[in-house]
Amino acid sequence: MAVKNLLIKLGLKGDKQTKKALKDVDKSFLDIAKSAAKVAGAFYAAKGVVRGLNEIANISSATQQVASGFNSLTREAGFSANTLDKLTKATDGTVSSLDLMTQANNAMLLGIFESEDQMANMFDSAQRLSAALGQDTLFGVESLVTGLGRQSKLMLDNLGIMVDAKTANENFAESLGKTVESLTDQERKQAFINEALKQTDMLVSQLGEENLTTADRIDMLKASSVNMAGVLGEALTPAFNSSLDLMTSFADEVADFTNVLAKVDFSS
């Protein structure tokens, strides 16, 4: 019925005229469809840009916040300005600066390491042990830091590190010339850390020479991408607001166009 009414309104007569007119109608609809498709494509492309900008902004914001704490904690601990570089080198660039600083902050707050070199060495050991167990570097570093800081045998077991608390306390008490019973809570914590570090060094010594795998190189690429996002975000922060305003305006225009198109009655 809709087609018939359309033909009547167009005043079509004759087979040739009908075919020609229908082609013109088809072309009109096709043009509209193409225009709508272009607008839709641009709209979803814009959404992708917004998501990308939003992710960059989030990474940049998180990096700046964590870096602020990292700088304060390293100064308080007496570490140098090269601490992050040492940690990056120790983990062969397989962990982003954001994640490295986060784990380093945890370690410093928990009072695990006595120096930046010791921390870098343990991060390297965590990478090697986690690789031997088919895990990525961040998993290893997080397991080591949490295991040492919280005296968690379960977390250290993720890396194959076994700590006997009784033996740890006995050894530490003997080094201090004290009895196990007289050890303070802080000394017992230090005894646990010392034994865990000792076991870690022993395990790593059995692994042989370190060799980076394809998985490591993929992690390096991921880490570099996150680092780049952090730098870009910081540099582009002044432009983010204006860009988002522009995207919002564009989205509003697309919505208006869609509303107009939706009101067109193509059936009568």
# chains A, B, ... in the order shown; residues from 1 in each chain; ligands from 1

call {"tool": "residues_around", "arguments": {"residues": "stretch 131-141 of chain A", "least_positions_apart": "3", "cutoff": "7 Å", "atoms": "only C-alpha atoms", "output": "NGL selection string"}}
result
:A and (94-95 or 123 or 126-128 or 144-145 or 159)

call {"tool": "write_last_selection", "arguments": {"atoms": "N, CA and C atoms", "output": "PDB file, in the first residue's frame"}}
result
ATOM      1  N   THR A  94      60.054  -3.983  31.840  1.00  0.00           N
ATOM      2  CA  THR A  94      58.842  -4.788  31.632  1.00  0.00           C
ATOM      3  C   THR A  94      57.670  -4.332  32.496  1.00  0.00           C
ATOM      4  N   VAL A  95      57.916  -3.351  33.360  1.00  0.00           N
ATOM      5  CA  VAL A  95      56.863  -2.826  34.226  1.00  0.00           C
ATOM      6  C   VAL A  95      56.805  -1.319  34.038  1.00  0.00           C
ATOM      7  N   PHE A 123      63.710  -6.560  43.171  1.00  0.00           N
ATOM      8  CA  PHE A 123      62.747  -6.469  42.063  1.00  0.00           C
ATOM      9  C   PHE A 123      63.233  -7.320  40.887  1.00  0.00           C
ATOM     10  N   ALA A 126      62.577 -10.864  41.785  1.00  0.00           N
ATOM     11  CA  ALA A 126      61.155 -11.156  41.636  1.00  0.00           C
ATOM     12  C   ALA A 126      60.813 -11.420  40.172  1.00  0.00           C
ATOM     13  N   GLN A 127      61.422 -10.642  39.269  1.00  0.00           N
ATOM     14  CA  GLN A 127      61.194 -10.848  37.842  1.00  0.00           C
ATOM     15  C   GLN A 127      61.664 -12.233  37.406  1.00  0.00           C
ATOM     16  N   ARG A 128      62.829 -12.610  37.851  1.00  0.00           N
ATOM     17  CA  ARG A 128      63.410 -13.881  37.428  1.00  0.00           C
ATOM     18  C   ARG A 128      62.628 -15.076  37.987  1.00  0.00           C
ATOM     19  N   LEU A 144      56.323 -10.352  45.989  1.00  0.00           N
ATOM     20  CA  LEU A 144      57.475 -10.198  46.874  1.00  0.00           C
ATOM     21  C   LEU A 144      57.259  -9.072  47.889  1.00  0.00           C
ATOM     22  N   VAL A 145      56.806  -7.926  47.396  1.00  0.00           N
ATOM     23  CA  VAL A 145      56.608  -6.772  48.280  1.00  0.00           C
ATOM     24  C   VAL A 145      55.540  -7.074  49.333  1.00  0.00           C
ATOM     25  N   LEU A 159      56.157 -17.336  44.538  1.00  0.00           N
ATOM     26  CA  LEU A 159      57.457 -17.307  43.864  1.00  0.00           C
ATOM     27  C   LEU A 159      58.354 -18.467  44.284  1.00  0.00           C
TER      28      LEU A 159
END

call {"tool": "residues_around", "arguments": {"residues": "A:Leu98", "least_positions_apart": "6", "cutoff": "8 Å", "atoms": "only C-alpha atoms", "output": "list in words"}}
result
Ala62, Thr63, Val66, Ala67, Val226 and Asn227 of chain A

call {"tool": "write_last_selection", "arguments": {"atoms": "N, CA, C and O atoms", "output": "PDB file, in the first residue's frame"}}
result
ATOM      1  N   ALA A  62      46.919   9.418  37.558  1.00  0.00           N
ATOM      2  CA  ALA A  62      47.398   8.418  38.515  1.00  0.00           C
ATOM      3  C   ALA A  62      48.916   8.469  38.649  1.00  0.00           C
ATOM      4  O   ALA A  62      49.463   8.375  39.754  1.00  0.00           O
ATOM      5  N   THR A  63      49.608   8.647  37.527  1.00  0.00           N
ATOM      6  CA  THR A  63      51.072   8.703  37.544  1.00  0.00           C
ATOM      7  C   THR A  63      51.575   9.901  38.347  1.00  0.00           C
ATOM      8  O   THR A  63      52.514   9.780  39.147  1.00  0.00           O
ATOM      9  N   VAL A  66      50.963   9.181  42.141  1.00  0.00           N
ATOM     10  CA  VAL A  66      51.891   8.181  42.672  1.00  0.00           C
ATOM     11  C   VAL A  66      53.316   8.729  42.689  1.00  0.00           C
ATOM     12  O   VAL A  66      54.078   8.481  43.633  1.00  0.00           O
ATOM     13  N   ALA A  67      53.677   9.493  41.666  1.00  0.00           N
ATOM     14  CA  ALA A  67      55.027  10.063  41.591  1.00  0.00           C
ATOM     15  C   ALA A  67      55.271  11.040  42.737  1.00  0.00           C
ATOM     16  O   ALA A  67      56.385  11.111  43.281  1.00  0.00           O
ATOM     17  N   VAL A 226      52.178   2.665  28.410  1.00  0.00           N
ATOM     18  CA  VAL A 226      51.632   3.311  29.606  1.00  0.00           C
ATOM     19  C   VAL A 226      52.479   4.529  29.972  1.00  0.00           C
ATOM     20  O   VAL A 226      51.950   5.597  30.311  1.00  0.00           O
ATOM     21  N   ASN A 227      53.796   4.369  29.900  1.00  0.00           N
ATOM     22  CA  ASN A 227      54.685   5.494  30.207  1.00  0.00           C
ATOM     23  C   ASN A 227      54.445   6.658  29.249  1.00  0.00           C
ATOM     24  O   ASN A 227      54.418   7.824  29.654  1.00  0.00           O
TER      25      ASN A 227
END

call {"tool": "residues_around", "arguments": {"residues": "stretch 166-168 of chain A", "least_positions_apart": "5", "cutoff": "8 Å", "atoms": "only C-alpha atoms", "output": "list in words"}}
result
Ala191, Phe192, Asn194 and Glu195 of chain A

call {"tool": "select_by_dssp", "arguments": {"residues": "stretch 99-168 of chain A", "states": "alpha helix (DSSP H)", "output": "number ranges by chain"}}
result
A: 99-109, 116-132, 137-149, 153-157, 165-168

call {"tool": "write_last_selection", "arguments": {"atoms": "C-alpha atoms", "output": "PDB file, in the first residue's frame"}}
result
ATOM      1  CA  ASP A  99      53.316   0.225  38.618  1.00  0.00           C
ATOM      2  CA  LEU A 100      56.978   0.361  39.672  1.00  0.00           C
ATOM      3  CA  MET A 101      56.450   3.471  41.769  1.00  0.00           C
ATOM      4  CA  THR A 102      53.284   1.984  43.282  1.00  0.00           C
ATOM      5  CA  GLN A 103      55.119  -1.146  44.411  1.00  0.00           C
ATOM      6  CA  ALA A 104      58.146   0.856  45.551  1.00  0.00           C
ATOM      7  CA  ASN A 105      55.860   3.094  47.610  1.00  0.00           C
ATOM      8  CA  ASN A 106      54.362   0.020  49.266  1.00  0.00           C
ATOM      9  CA  ALA A 107      57.822  -1.324  50.015  1.00  0.00           C
ATOM     10  CA  MET A 108      59.043   1.965  51.488  1.00  0.00           C
ATOM     11  CA  LEU A 109      55.914   2.453  53.590  1.00  0.00           C
ATOM     12  CA  GLU A 116      67.507   1.577  46.685  1.00  0.00           C
ATOM     13  CA  ASP A 117      70.093  -0.910  45.425  1.00  0.00           C
ATOM     14  CA  GLN A 118      68.687  -3.639  47.644  1.00  0.00           C
ATOM     15  CA  MET A 119      65.184  -2.864  46.413  1.00  0.00           C
ATOM     16  CA  ALA A 120      66.317  -2.912  42.778  1.00  0.00           C
ATOM     17  CA  ASN A 121      68.093  -6.229  43.332  1.00  0.00           C
ATOM     18  CA  MET A 122      64.972  -7.764  44.876  1.00  0.00           C
ATOM     19  CA  PHE A 123      62.747  -6.469  42.063  1.00  0.00           C
ATOM     20  CA  ASP A 124      65.135  -8.126  39.624  1.00  0.00           C
ATOM     21  CA  SER A 125      64.951 -11.360  41.642  1.00  0.00           C
ATOM     22  CA  ALA A 126      61.155 -11.156  41.636  1.00  0.00           C
ATOM     23  CA  GLN A 127      61.194 -10.848  37.842  1.00  0.00           C
ATOM     24  CA  ARG A 128      63.410 -13.881  37.428  1.00  0.00           C
ATOM     25  CA  LEU A 129      61.455 -16.063  39.844  1.00  0.00           C
ATOM     26  CA  SER A 130      58.102 -15.103  38.355  1.00  0.00           C
ATOM     27  CA  ALA A 131      59.397 -15.827  34.833  1.00  0.00           C
ATOM     28  CA  ALA A 132      60.531 -19.273  35.971  1.00  0.00           C
ATOM     29  CA  THR A 137      57.228  -9.301  36.311  1.00  0.00           C
ATOM     30  CA  LEU A 138      54.530  -7.234  38.007  1.00  0.00           C
ATOM     31  CA  PHE A 139      53.042 -10.385  39.526  1.00  0.00           C
ATOM     32  CA  GLY A 140      56.461 -11.261  40.941  1.00  0.00           C
ATOM     33  CA  VAL A 141      57.221  -7.809  42.328  1.00  0.00           C
ATOM     34  CA  GLU A 142      53.785  -7.473  43.910  1.00  0.00           C
ATOM     35  CA  SER A 143      54.022 -10.948  45.463  1.00  0.00           C
ATOM     36  CA  LEU A 144      57.475 -10.198  46.874  1.00  0.00           C
ATOM     37  CA  VAL A 145      56.608  -6.772  48.280  1.00  0.00           C
ATOM     38  CA  THR A 146      53.344  -7.940  49.838  1.00  0.00           C
ATOM     39  CA  GLY A 147      54.897 -11.151  51.110  1.00  0.00           C
ATOM     40  CA  LEU A 148      57.787  -9.348  52.791  1.00  0.00           C
ATOM     41  CA  GLY A 149      55.806  -6.398  54.070  1.00  0.00           C
ATOM     42  CA  LYS A 153      54.029 -16.985  53.461  1.00  0.00           C
ATOM     43  CA  LEU A 154      51.202 -17.453  50.959  1.00  0.00           C
ATOM     44  CA  MET A 155      52.314 -14.517  48.807  1.00  0.00           C
ATOM     45  CA  LEU A 156      55.968 -15.572  48.927  1.00  0.00           C
ATOM     46  CA  ASP A 157      54.937 -19.086  48.015  1.00  0.00           C
ATOM     47  CA  ALA A 165      59.623 -18.240  60.933  1.00  0.00           C
ATOM     48  CA  LYS A 166      61.135 -20.239  63.792  1.00  0.00           C
ATOM     49  CA  THR A 167      64.498 -20.568  62.073  1.00  0.00           C
ATOM     50  CA  ALA A 168      64.364 -16.914  61.028  1.00  0.00           C
TER      51      ALA A 168
END

call {"tool": "closest_residue", "arguments": {"among": "A:Lys86, A:Arg75, A:Arg51, A:Arg150", "to": "A:Gln186", "atoms": "only C-alpha atoms"}}
result
A:Arg150

call {"tool": "closest_residue", "arguments": {"among": "A:Ala229, A:Ser115, A:Glu209, A:Gln190", "to": "A:Leu87", "atoms": "only C-alpha atoms"}}
result
A:Ser115

call {"tool": "atom_distance", "arguments": {"atom1": "atom CA of A:Asn71", "atom2": "atom CA of A:Glu234"}}
result
17.1 Å
